[in-house]
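> Sharing final.cif below, mmCIF, N, CA and C atoms and all ligand atoms:
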data_upload
#
loop_
_atom_site.label_atom_id
_atom_site.label_comp_id
_atom_site.auth_asym_id
_atom_site.auth_seq_id
_atom_site.Cartn_x
_atom_site.Cartn_y
_atom_site.Cartn_z
N MET A 1 79.64 58.50 84.88
CA MET A 1 78.33 57.88 85.14
C MET A 1 77.40 58.85 85.87
N THR A 2 76.21 58.96 85.39
CA THR A 2 75.23 59.80 86.08
C THR A 2 74.41 58.92 87.02
N LYS A 3 73.44 59.53 87.64
CA LYS A 3 72.62 58.83 88.63
C LYS A 3 71.98 57.56 88.07
N LYS A 4 71.46 57.68 86.84
CA LYS A 4 70.69 56.57 86.28
C LYS A 4 71.57 55.49 85.68
N GLY A 5 72.87 55.77 85.60
CA GLY A 5 73.76 54.76 85.05
C GLY A 5 74.00 54.92 83.57
N TYR A 6 73.32 55.89 82.96
CA TYR A 6 73.56 56.13 81.54
C TYR A 6 74.70 57.11 81.41
N SER A 7 75.45 57.00 80.32
CA SER A 7 76.45 58.02 80.09
C SER A 7 75.74 59.29 79.64
N LYS A 8 76.32 60.44 79.95
CA LYS A 8 75.67 61.71 79.66
C LYS A 8 75.58 61.92 78.15
N LYS A 9 74.45 62.43 77.70
CA LYS A 9 74.27 62.70 76.27
C LYS A 9 75.21 63.83 75.86
N LYS A 10 75.90 63.62 74.75
CA LYS A 10 76.77 64.69 74.28
C LYS A 10 75.93 65.71 73.53
N LYS A 11 76.18 66.97 73.84
CA LYS A 11 75.33 68.03 73.32
C LYS A 11 75.34 68.08 71.79
N LEU A 12 76.52 67.98 71.22
CA LEU A 12 76.65 68.07 69.77
C LEU A 12 75.95 66.89 69.09
N GLU A 13 76.14 65.70 69.67
CA GLU A 13 75.52 64.49 69.13
C GLU A 13 74.00 64.65 69.07
N VAL A 14 73.44 65.13 70.18
CA VAL A 14 71.99 65.30 70.29
C VAL A 14 71.50 66.31 69.27
N GLU A 15 72.24 67.41 69.14
CA GLU A 15 71.86 68.46 68.20
C GLU A 15 71.83 67.92 66.76
N LEU A 16 72.89 67.18 66.41
CA LEU A 16 72.98 66.61 65.07
C LEU A 16 71.85 65.61 64.83
N ALA A 17 71.57 64.81 65.84
CA ALA A 17 70.50 63.81 65.71
C ALA A 17 69.16 64.50 65.47
N MET A 18 68.90 65.58 66.22
CA MET A 18 67.63 66.31 66.06
C MET A 18 67.53 66.89 64.65
N GLN A 19 68.66 67.44 64.17
CA GLN A 19 68.69 68.00 62.82
C GLN A 19 68.38 66.92 61.78
N HIS A 20 69.00 65.76 61.98
CA HIS A 20 68.80 64.64 61.06
C HIS A 20 67.33 64.23 61.04
N ILE A 21 66.72 64.17 62.22
CA ILE A 21 65.30 63.79 62.32
C ILE A 21 64.44 64.79 61.55
N GLU A 22 64.72 66.09 61.78
CA GLU A 22 63.94 67.13 61.09
C GLU A 22 64.08 67.00 59.57
N ASN A 23 65.33 66.76 59.13
CA ASN A 23 65.59 66.62 57.69
C ASN A 23 64.82 65.45 57.11
N LEU A 24 64.79 64.34 57.86
CA LEU A 24 64.08 63.15 57.37
C LEU A 24 62.59 63.44 57.21
N PHE A 25 62.03 64.25 58.12
CA PHE A 25 60.61 64.58 58.01
C PHE A 25 60.34 65.50 56.81
N VAL A 26 61.30 66.39 56.52
CA VAL A 26 61.16 67.24 55.33
C VAL A 26 61.17 66.37 54.07
N LEU A 27 62.10 65.41 54.04
CA LEU A 27 62.17 64.49 52.90
C LEU A 27 60.87 63.70 52.76
N ALA A 28 60.35 63.23 53.90
CA ALA A 28 59.11 62.46 53.88
C ALA A 28 57.96 63.30 53.32
N ALA A 29 57.92 64.59 53.73
CA ALA A 29 56.86 65.48 53.24
C ALA A 29 56.95 65.66 51.74
N ASN A 30 58.19 65.70 51.22
CA ASN A 30 58.38 65.92 49.78
C ASN A 30 57.94 64.74 48.94
N VAL A 31 58.15 63.51 49.46
CA VAL A 31 57.85 62.34 48.64
C VAL A 31 56.50 61.70 48.99
N ALA A 32 55.83 62.22 50.02
CA ALA A 32 54.61 61.57 50.52
C ALA A 32 53.53 61.43 49.45
N ASP A 33 53.45 62.41 48.55
CA ASP A 33 52.41 62.36 47.52
C ASP A 33 52.67 61.27 46.48
N GLN A 34 53.95 61.10 46.14
CA GLN A 34 54.28 60.12 45.09
C GLN A 34 54.53 58.73 45.64
N ASP A 35 55.35 58.63 46.68
CA ASP A 35 55.79 57.33 47.17
C ASP A 35 55.51 57.21 48.67
N LYS A 36 54.42 56.50 48.97
CA LYS A 36 54.02 56.37 50.37
C LYS A 36 54.99 55.52 51.17
N THR A 37 55.49 54.45 50.54
CA THR A 37 56.38 53.54 51.28
C THR A 37 57.71 54.20 51.62
N LEU A 38 58.19 55.04 50.71
CA LEU A 38 59.45 55.75 50.96
C LEU A 38 59.28 56.73 52.13
N ALA A 39 58.14 57.42 52.15
CA ALA A 39 57.86 58.36 53.24
C ALA A 39 57.80 57.61 54.57
N THR A 40 57.20 56.42 54.55
CA THR A 40 57.11 55.61 55.77
C THR A 40 58.51 55.17 56.22
N ARG A 41 59.37 54.90 55.25
CA ARG A 41 60.74 54.49 55.60
C ARG A 41 61.51 55.65 56.22
N TYR A 42 61.26 56.87 55.73
CA TYR A 42 61.91 58.03 56.32
C TYR A 42 61.48 58.20 57.77
N VAL A 43 60.18 57.97 58.02
CA VAL A 43 59.65 58.07 59.39
C VAL A 43 60.32 57.02 60.27
N ALA A 44 60.45 55.80 59.73
CA ALA A 44 61.07 54.72 60.50
C ALA A 44 62.51 55.07 60.85
N ALA A 45 63.23 55.66 59.88
CA ALA A 45 64.62 56.05 60.12
C ALA A 45 64.70 57.13 61.21
N ALA A 46 63.78 58.09 61.14
CA ALA A 46 63.76 59.17 62.14
C ALA A 46 63.49 58.60 63.53
N ARG A 47 62.57 57.64 63.60
CA ARG A 47 62.25 57.02 64.89
C ARG A 47 63.46 56.28 65.44
N LYS A 48 64.16 55.59 64.57
CA LYS A 48 65.34 54.81 65.00
C LYS A 48 66.40 55.73 65.59
N ILE A 49 66.61 56.89 64.94
CA ILE A 49 67.59 57.84 65.45
C ILE A 49 67.17 58.35 66.82
N ALA A 50 65.86 58.68 66.94
CA ALA A 50 65.34 59.19 68.21
C ALA A 50 65.52 58.16 69.32
N MET A 51 65.29 56.88 68.97
CA MET A 51 65.42 55.83 69.98
C MET A 51 66.88 55.63 70.37
N LYS A 52 67.77 55.71 69.37
CA LYS A 52 69.18 55.48 69.63
C LYS A 52 69.73 56.52 70.61
N PHE A 53 69.32 57.80 70.39
CA PHE A 53 69.84 58.87 71.23
C PHE A 53 68.90 59.19 72.39
N LYS A 54 67.87 58.37 72.56
CA LYS A 54 66.88 58.54 73.64
C LYS A 54 66.32 59.96 73.65
N LEU A 55 65.90 60.39 72.45
CA LEU A 55 65.33 61.73 72.33
C LEU A 55 63.82 61.64 72.26
N ARG A 56 63.18 62.64 72.79
CA ARG A 56 61.73 62.69 72.68
C ARG A 56 61.39 63.40 71.37
N MET A 57 60.54 62.77 70.60
CA MET A 57 60.13 63.37 69.34
C MET A 57 59.23 64.58 69.63
N PRO A 58 59.50 65.73 69.04
CA PRO A 58 58.65 66.89 69.29
C PRO A 58 57.20 66.60 68.86
N SER A 59 56.23 67.14 69.61
CA SER A 59 54.82 66.78 69.36
C SER A 59 54.39 67.19 67.95
N ARG A 60 55.03 68.24 67.43
CA ARG A 60 54.67 68.69 66.07
C ARG A 60 55.06 67.63 65.04
N LEU A 61 56.14 66.87 65.32
CA LEU A 61 56.54 65.78 64.43
C LEU A 61 55.73 64.52 64.69
N LYS A 62 55.41 64.31 65.97
CA LYS A 62 54.66 63.11 66.37
C LYS A 62 53.31 63.05 65.68
N ARG A 63 52.75 64.23 65.44
CA ARG A 63 51.42 64.29 64.83
C ARG A 63 51.46 63.99 63.34
N GLN A 64 52.66 63.90 62.77
CA GLN A 64 52.76 63.75 61.31
C GLN A 64 52.80 62.31 60.85
N PHE A 65 52.80 61.36 61.81
CA PHE A 65 52.78 59.96 61.38
C PHE A 65 51.93 59.13 62.33
N CYS A 66 51.49 57.98 61.85
CA CYS A 66 50.63 57.11 62.66
C CYS A 66 51.48 56.41 63.72
N ASN A 67 50.95 56.36 64.92
CA ASN A 67 51.67 55.75 66.03
C ASN A 67 51.58 54.24 66.00
N HIS A 68 50.76 53.73 65.08
CA HIS A 68 50.50 52.30 65.04
C HIS A 68 51.16 51.65 63.83
N CYS A 69 50.98 52.26 62.64
CA CYS A 69 51.59 51.67 61.43
C CYS A 69 52.74 52.54 60.90
N TYR A 70 53.03 53.66 61.57
CA TYR A 70 54.15 54.54 61.24
C TYR A 70 54.09 55.11 59.83
N GLU A 71 52.90 55.21 59.29
CA GLU A 71 52.76 55.79 57.96
C GLU A 71 52.76 57.31 58.07
N TYR A 72 53.41 57.95 57.10
CA TYR A 72 53.44 59.41 57.09
C TYR A 72 52.07 59.94 56.66
N PHE A 73 51.55 60.93 57.38
CA PHE A 73 50.19 61.39 57.13
C PHE A 73 50.12 62.45 56.04
N VAL A 74 49.18 62.28 55.15
CA VAL A 74 48.79 63.34 54.22
C VAL A 74 47.32 63.59 54.51
N PRO A 75 47.01 64.69 55.21
CA PRO A 75 45.61 64.93 55.61
C PRO A 75 44.67 64.89 54.41
N GLY A 76 43.59 64.16 54.55
CA GLY A 76 42.63 64.01 53.46
C GLY A 76 42.88 62.75 52.66
N LYS A 77 44.12 62.28 52.65
CA LYS A 77 44.44 61.06 51.90
C LYS A 77 44.44 59.84 52.80
N ASN A 78 45.27 59.87 53.84
CA ASN A 78 45.29 58.73 54.76
C ASN A 78 45.07 59.15 56.21
N LEU A 79 44.58 60.38 56.39
CA LEU A 79 44.29 60.85 57.74
C LEU A 79 42.98 61.63 57.73
N ARG A 80 42.16 61.33 58.74
CA ARG A 80 40.91 62.08 58.90
C ARG A 80 40.93 62.72 60.27
N ILE A 81 40.66 64.01 60.33
CA ILE A 81 40.61 64.70 61.62
C ILE A 81 39.21 65.26 61.79
N ARG A 82 38.58 64.90 62.90
CA ARG A 82 37.24 65.39 63.18
C ARG A 82 37.23 66.01 64.58
N LEU A 83 36.31 66.92 64.77
CA LEU A 83 36.13 67.54 66.07
C LEU A 83 34.88 66.95 66.70
N HIS A 84 35.02 66.39 67.92
CA HIS A 84 33.88 65.79 68.59
C HIS A 84 34.02 65.98 70.09
N LYS A 85 33.01 66.58 70.71
CA LYS A 85 33.00 66.82 72.16
C LYS A 85 34.31 67.47 72.64
N GLN A 86 34.68 68.53 71.98
CA GLN A 86 35.88 69.31 72.32
C GLN A 86 37.16 68.48 72.30
N ARG A 87 37.16 67.49 71.42
CA ARG A 87 38.38 66.71 71.24
C ARG A 87 38.62 66.55 69.75
N LEU A 88 39.88 66.57 69.37
CA LEU A 88 40.22 66.28 67.98
C LEU A 88 40.36 64.77 67.85
N ILE A 89 39.73 64.19 66.84
CA ILE A 89 39.86 62.76 66.63
C ILE A 89 40.66 62.52 65.37
N TYR A 90 41.84 61.93 65.54
CA TYR A 90 42.71 61.60 64.42
C TYR A 90 42.43 60.15 64.06
N TYR A 91 42.14 59.91 62.79
CA TYR A 91 41.82 58.56 62.35
C TYR A 91 42.71 58.18 61.18
N CYS A 92 43.52 57.16 61.38
CA CYS A 92 44.42 56.70 60.31
C CYS A 92 43.61 55.83 59.36
N LEU A 93 43.57 56.21 58.10
CA LEU A 93 42.73 55.49 57.14
C LEU A 93 43.39 54.21 56.65
N SER A 94 44.69 54.04 56.87
CA SER A 94 45.32 52.82 56.38
C SER A 94 45.29 51.68 57.40
N CYS A 95 45.34 51.99 58.71
CA CYS A 95 45.29 50.90 59.69
C CYS A 95 44.10 51.03 60.64
N LYS A 96 43.28 52.08 60.45
CA LYS A 96 42.06 52.31 61.23
C LYS A 96 42.33 52.55 62.73
N HIS A 97 43.56 52.95 63.03
CA HIS A 97 43.89 53.30 64.41
C HIS A 97 43.44 54.75 64.63
N PHE A 98 42.88 55.04 65.79
CA PHE A 98 42.49 56.43 66.05
C PHE A 98 42.91 56.85 67.44
N TRP A 99 43.07 58.14 67.65
CA TRP A 99 43.34 58.65 68.98
C TRP A 99 42.72 60.02 69.10
N ARG A 100 42.47 60.38 70.35
CA ARG A 100 41.80 61.66 70.61
C ARG A 100 42.78 62.62 71.27
N LYS A 101 42.65 63.86 70.87
CA LYS A 101 43.49 64.89 71.46
C LYS A 101 42.58 65.94 72.04
N PRO A 102 42.53 66.06 73.36
CA PRO A 102 41.63 67.04 73.97
C PRO A 102 42.05 68.46 73.61
N LEU A 103 41.06 69.28 73.39
CA LEU A 103 41.34 70.70 73.15
C LEU A 103 41.25 71.40 74.48
N ASN A 104 42.38 71.67 75.10
CA ASN A 104 42.34 72.40 76.36
C ASN A 104 42.38 73.90 76.08
N SER A 105 42.31 74.68 77.15
CA SER A 105 42.22 76.13 76.97
C SER A 105 43.46 76.67 76.27
N LYS A 106 44.62 76.00 76.51
CA LYS A 106 45.87 76.47 75.91
C LYS A 106 45.83 76.34 74.38
N THR A 107 45.41 75.13 73.90
CA THR A 107 45.37 74.93 72.45
C THR A 107 44.28 75.77 71.81
N LEU A 108 43.16 75.99 72.53
CA LEU A 108 42.09 76.83 71.97
C LEU A 108 42.60 78.25 71.76
N ARG A 109 43.39 78.72 72.74
CA ARG A 109 43.94 80.07 72.61
C ARG A 109 44.87 80.16 71.42
N LEU A 110 45.69 79.09 71.23
CA LEU A 110 46.63 79.07 70.10
C LEU A 110 45.89 79.08 68.78
N SER A 111 44.81 78.25 68.70
CA SER A 111 44.10 78.14 67.43
C SER A 111 43.34 79.42 67.11
N SER A 112 42.85 80.11 68.15
CA SER A 112 42.11 81.35 67.87
C SER A 112 43.05 82.44 67.35
N LYS A 113 44.33 82.33 67.74
CA LYS A 113 45.30 83.30 67.24
C LYS A 113 45.53 83.12 65.76
N LYS A 114 45.55 81.84 65.33
CA LYS A 114 45.86 81.53 63.94
C LYS A 114 44.77 82.04 63.01
N PHE A 115 43.51 81.83 63.38
CA PHE A 115 42.41 82.15 62.46
C PHE A 115 41.75 83.48 62.79
ZN ZN B 201 48.02 53.80 60.99
#
When written as structure tokens, how does the structure in this file appear?

Amino acid sequence: MTKKGYSKKKKLEVELAMQHIENLFVLAANVADQDKTLATRYVAAARKIAMKFKLRMPSRLKRQFCNHCYEYFVPGKNLRIRLHKQRLIYYCLSCKHFWRKPLNSKTLRLSSKKF
């Protein structure tokens, strides 16, 4: 027993779970164009695994689906990204949920490297 009363996460288990989550997102990306519902189901499965093992979803994966309807995003199809007042505005076109992501100096530096 650890301090919080949870049993300690087994390293191998966590590693396998993370791999499984990544694989599910790859599968979702492959089918997103043809079958939207299947892609959404892959996202749901990935979330369930993350919840079971109490893992934090990496932010790069978090940005790939809607936090409200859990639909897998295909930019231009069901996702709109706009820049407004130094913030990125993500707008889900299927459930109309939106959220803002501030562009801080760190992300600006990263984006300037890319382009
Ligand atoms: Zn949505």
> If you run DSSP on the backbone, which residues of segment 30-97 of chain A are helix (DSSP H, G or I), as a PyMOL selection string?
chain A and resi 30-31+36-52+59-62
> Work out how far atom CA of Arg47 of chain A is from atom CA of Lys62 of chain A, in Å to one decimal.
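About the pair atom CA of Lys62 of chain A and atom CA of Arg47 of chain A: they are 9.8 Å apart.
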> With distances taken over all atoms listed in the file, which of A:Met57, A:Ala39, A:Leu24, A:Cys66 is nearest to ligand ZN 201 (chain B)?
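Among the listed residues, A:Cys66 lies closest to ligand ZN 201 (chain B).
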> Could I get the residue neighbourhood of ligand ZN 201 (chain B) at 10 Å, counting only C-alpha atoms and all ligand atoms, as a list in words?
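My answer, listing the contacting residues, is Phe65, Cys66, Asn67, His68, Cys69, Tyr70, Glu71, Tyr72, Phe73, Asn78, Leu79, Tyr91, Cys92, Leu93, Ser94, Cys95, Lys96, His97 and Phe98 of chain A.
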> Hey, can you check how far atom CA of Pro102 of chain A sits from atom CA of Ile81 of chain A?
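So the answer is 12.6 Å.
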> Any idea what's packed within 8 Å of Phe25 of chain A, counting only N, CA and C atoms, ignoring anything in its chain fewer than 3 positions away? Could you give it as a PDB file with N, CA and C atoms, in the coordinates of the input?

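Saved file part_37.pdb follows:
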ATOM      1  N   GLN A  19      68.660  67.440  64.170  1.00  0.00           N
ATOM      2  CA  GLN A  19      68.690  68.000  62.820  1.00  0.00           C
ATOM      3  C   GLN A  19      68.380  66.920  61.780  1.00  0.00           C
ATOM      4  N   HIS A  20      69.000  65.760  61.980  1.00  0.00           N
ATOM      5  CA  HIS A  20      68.800  64.640  61.060  1.00  0.00           C
ATOM      6  C   HIS A  20      67.330  64.230  61.040  1.00  0.00           C
ATOM      7  N   ILE A  21      66.720  64.170  62.220  1.00  0.00           N
ATOM      8  CA  ILE A  21      65.300  63.790  62.320  1.00  0.00           C
ATOM      9  C   ILE A  21      64.440  64.790  61.550  1.00  0.00           C
ATOM     10  N   GLU A  22      64.720  66.090  61.780  1.00  0.00           N
ATOM     11  CA  GLU A  22      63.940  67.130  61.090  1.00  0.00           C
ATOM     12  C   GLU A  22      64.080  67.000  59.570  1.00  0.00           C
ATOM     13  N   ALA A  28      60.350  63.230  53.900  1.00  0.00           N
ATOM     14  CA  ALA A  28      59.110  62.460  53.880  1.00  0.00           C
ATOM     15  C   ALA A  28      57.960  63.300  53.320  1.00  0.00           C
ATOM     16  N   ALA A  29      57.920  64.590  53.730  1.00  0.00           N
ATOM     17  CA  ALA A  29      56.860  65.480  53.240  1.00  0.00           C
ATOM     18  C   ALA A  29      56.950  65.660  51.740  1.00  0.00           C
ATOM     19  N   ASN A  30      58.190  65.700  51.220  1.00  0.00           N
ATOM     20  CA  ASN A  30      58.380  65.920  49.780  1.00  0.00           C
ATOM     21  C   ASN A  30      57.940  64.740  48.940  1.00  0.00           C
ATOM     22  N   VAL A  31      58.150  63.510  49.460  1.00  0.00           N
ATOM     23  CA  VAL A  31      57.850  62.340  48.640  1.00  0.00           C
ATOM     24  C   VAL A  31      56.500  61.700  48.990  1.00  0.00           C
ATOM     25  N   TYR A  42      61.260  56.870  55.730  1.00  0.00           N
ATOM     26  CA  TYR A  42      61.910  58.030  56.320  1.00  0.00           C
ATOM     27  C   TYR A  42      61.480  58.200  57.770  1.00  0.00           C
ATOM     28  N   VAL A  43      60.180  57.970  58.020  1.00  0.00           N
ATOM     29  CA  VAL A  43      59.650  58.070  59.390  1.00  0.00           C
ATOM     30  C   VAL A  43      60.320  57.020  60.270  1.00  0.00           C
ATOM     31  N   ALA A  46      63.780  58.090  61.140  1.00  0.00           N
ATOM     32  CA  ALA A  46      63.760  59.170  62.140  1.00  0.00           C
ATOM     33  C   ALA A  46      63.490  58.600  63.530  1.00  0.00           C
ATOM     34  N   LEU A  61      56.140  66.870  65.320  1.00  0.00           N
ATOM     35  CA  LEU A  61      56.540  65.780  64.430  1.00  0.00           C
ATOM     36  C   LEU A  61      55.730  64.520  64.690  1.00  0.00           C
TER      37      LEU A  61
END
> In Å to one decimal, how far is atom N of Ala17 of chain A from atom CA of Pro58 of chain A?
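Pair atom CA of Pro58 of chain A / atom N of Ala17 of chain A returns 13.5 Å.
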> Taking only N, CA and C atoms into account, which of A:Lys10, A:Lys101, A:Lys48, A:Arg60 comes nearest Gln86 of chain A?
A:Lys101
> From chain A, collect each residue whose DSSP state is strand (DSSP E or B) and return the set as a list in words.
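Of chain A, only Phe65, Tyr72, Pro75, Leu79, Arg80, Ile81, Arg82, Leu83, His84, Arg87, Leu88, Ile89, Tyr90, Tyr91, Cys92, Phe98, Trp99, Arg100, Lys101 and Pro102 of chain A fall in strand (DSSP E or B).
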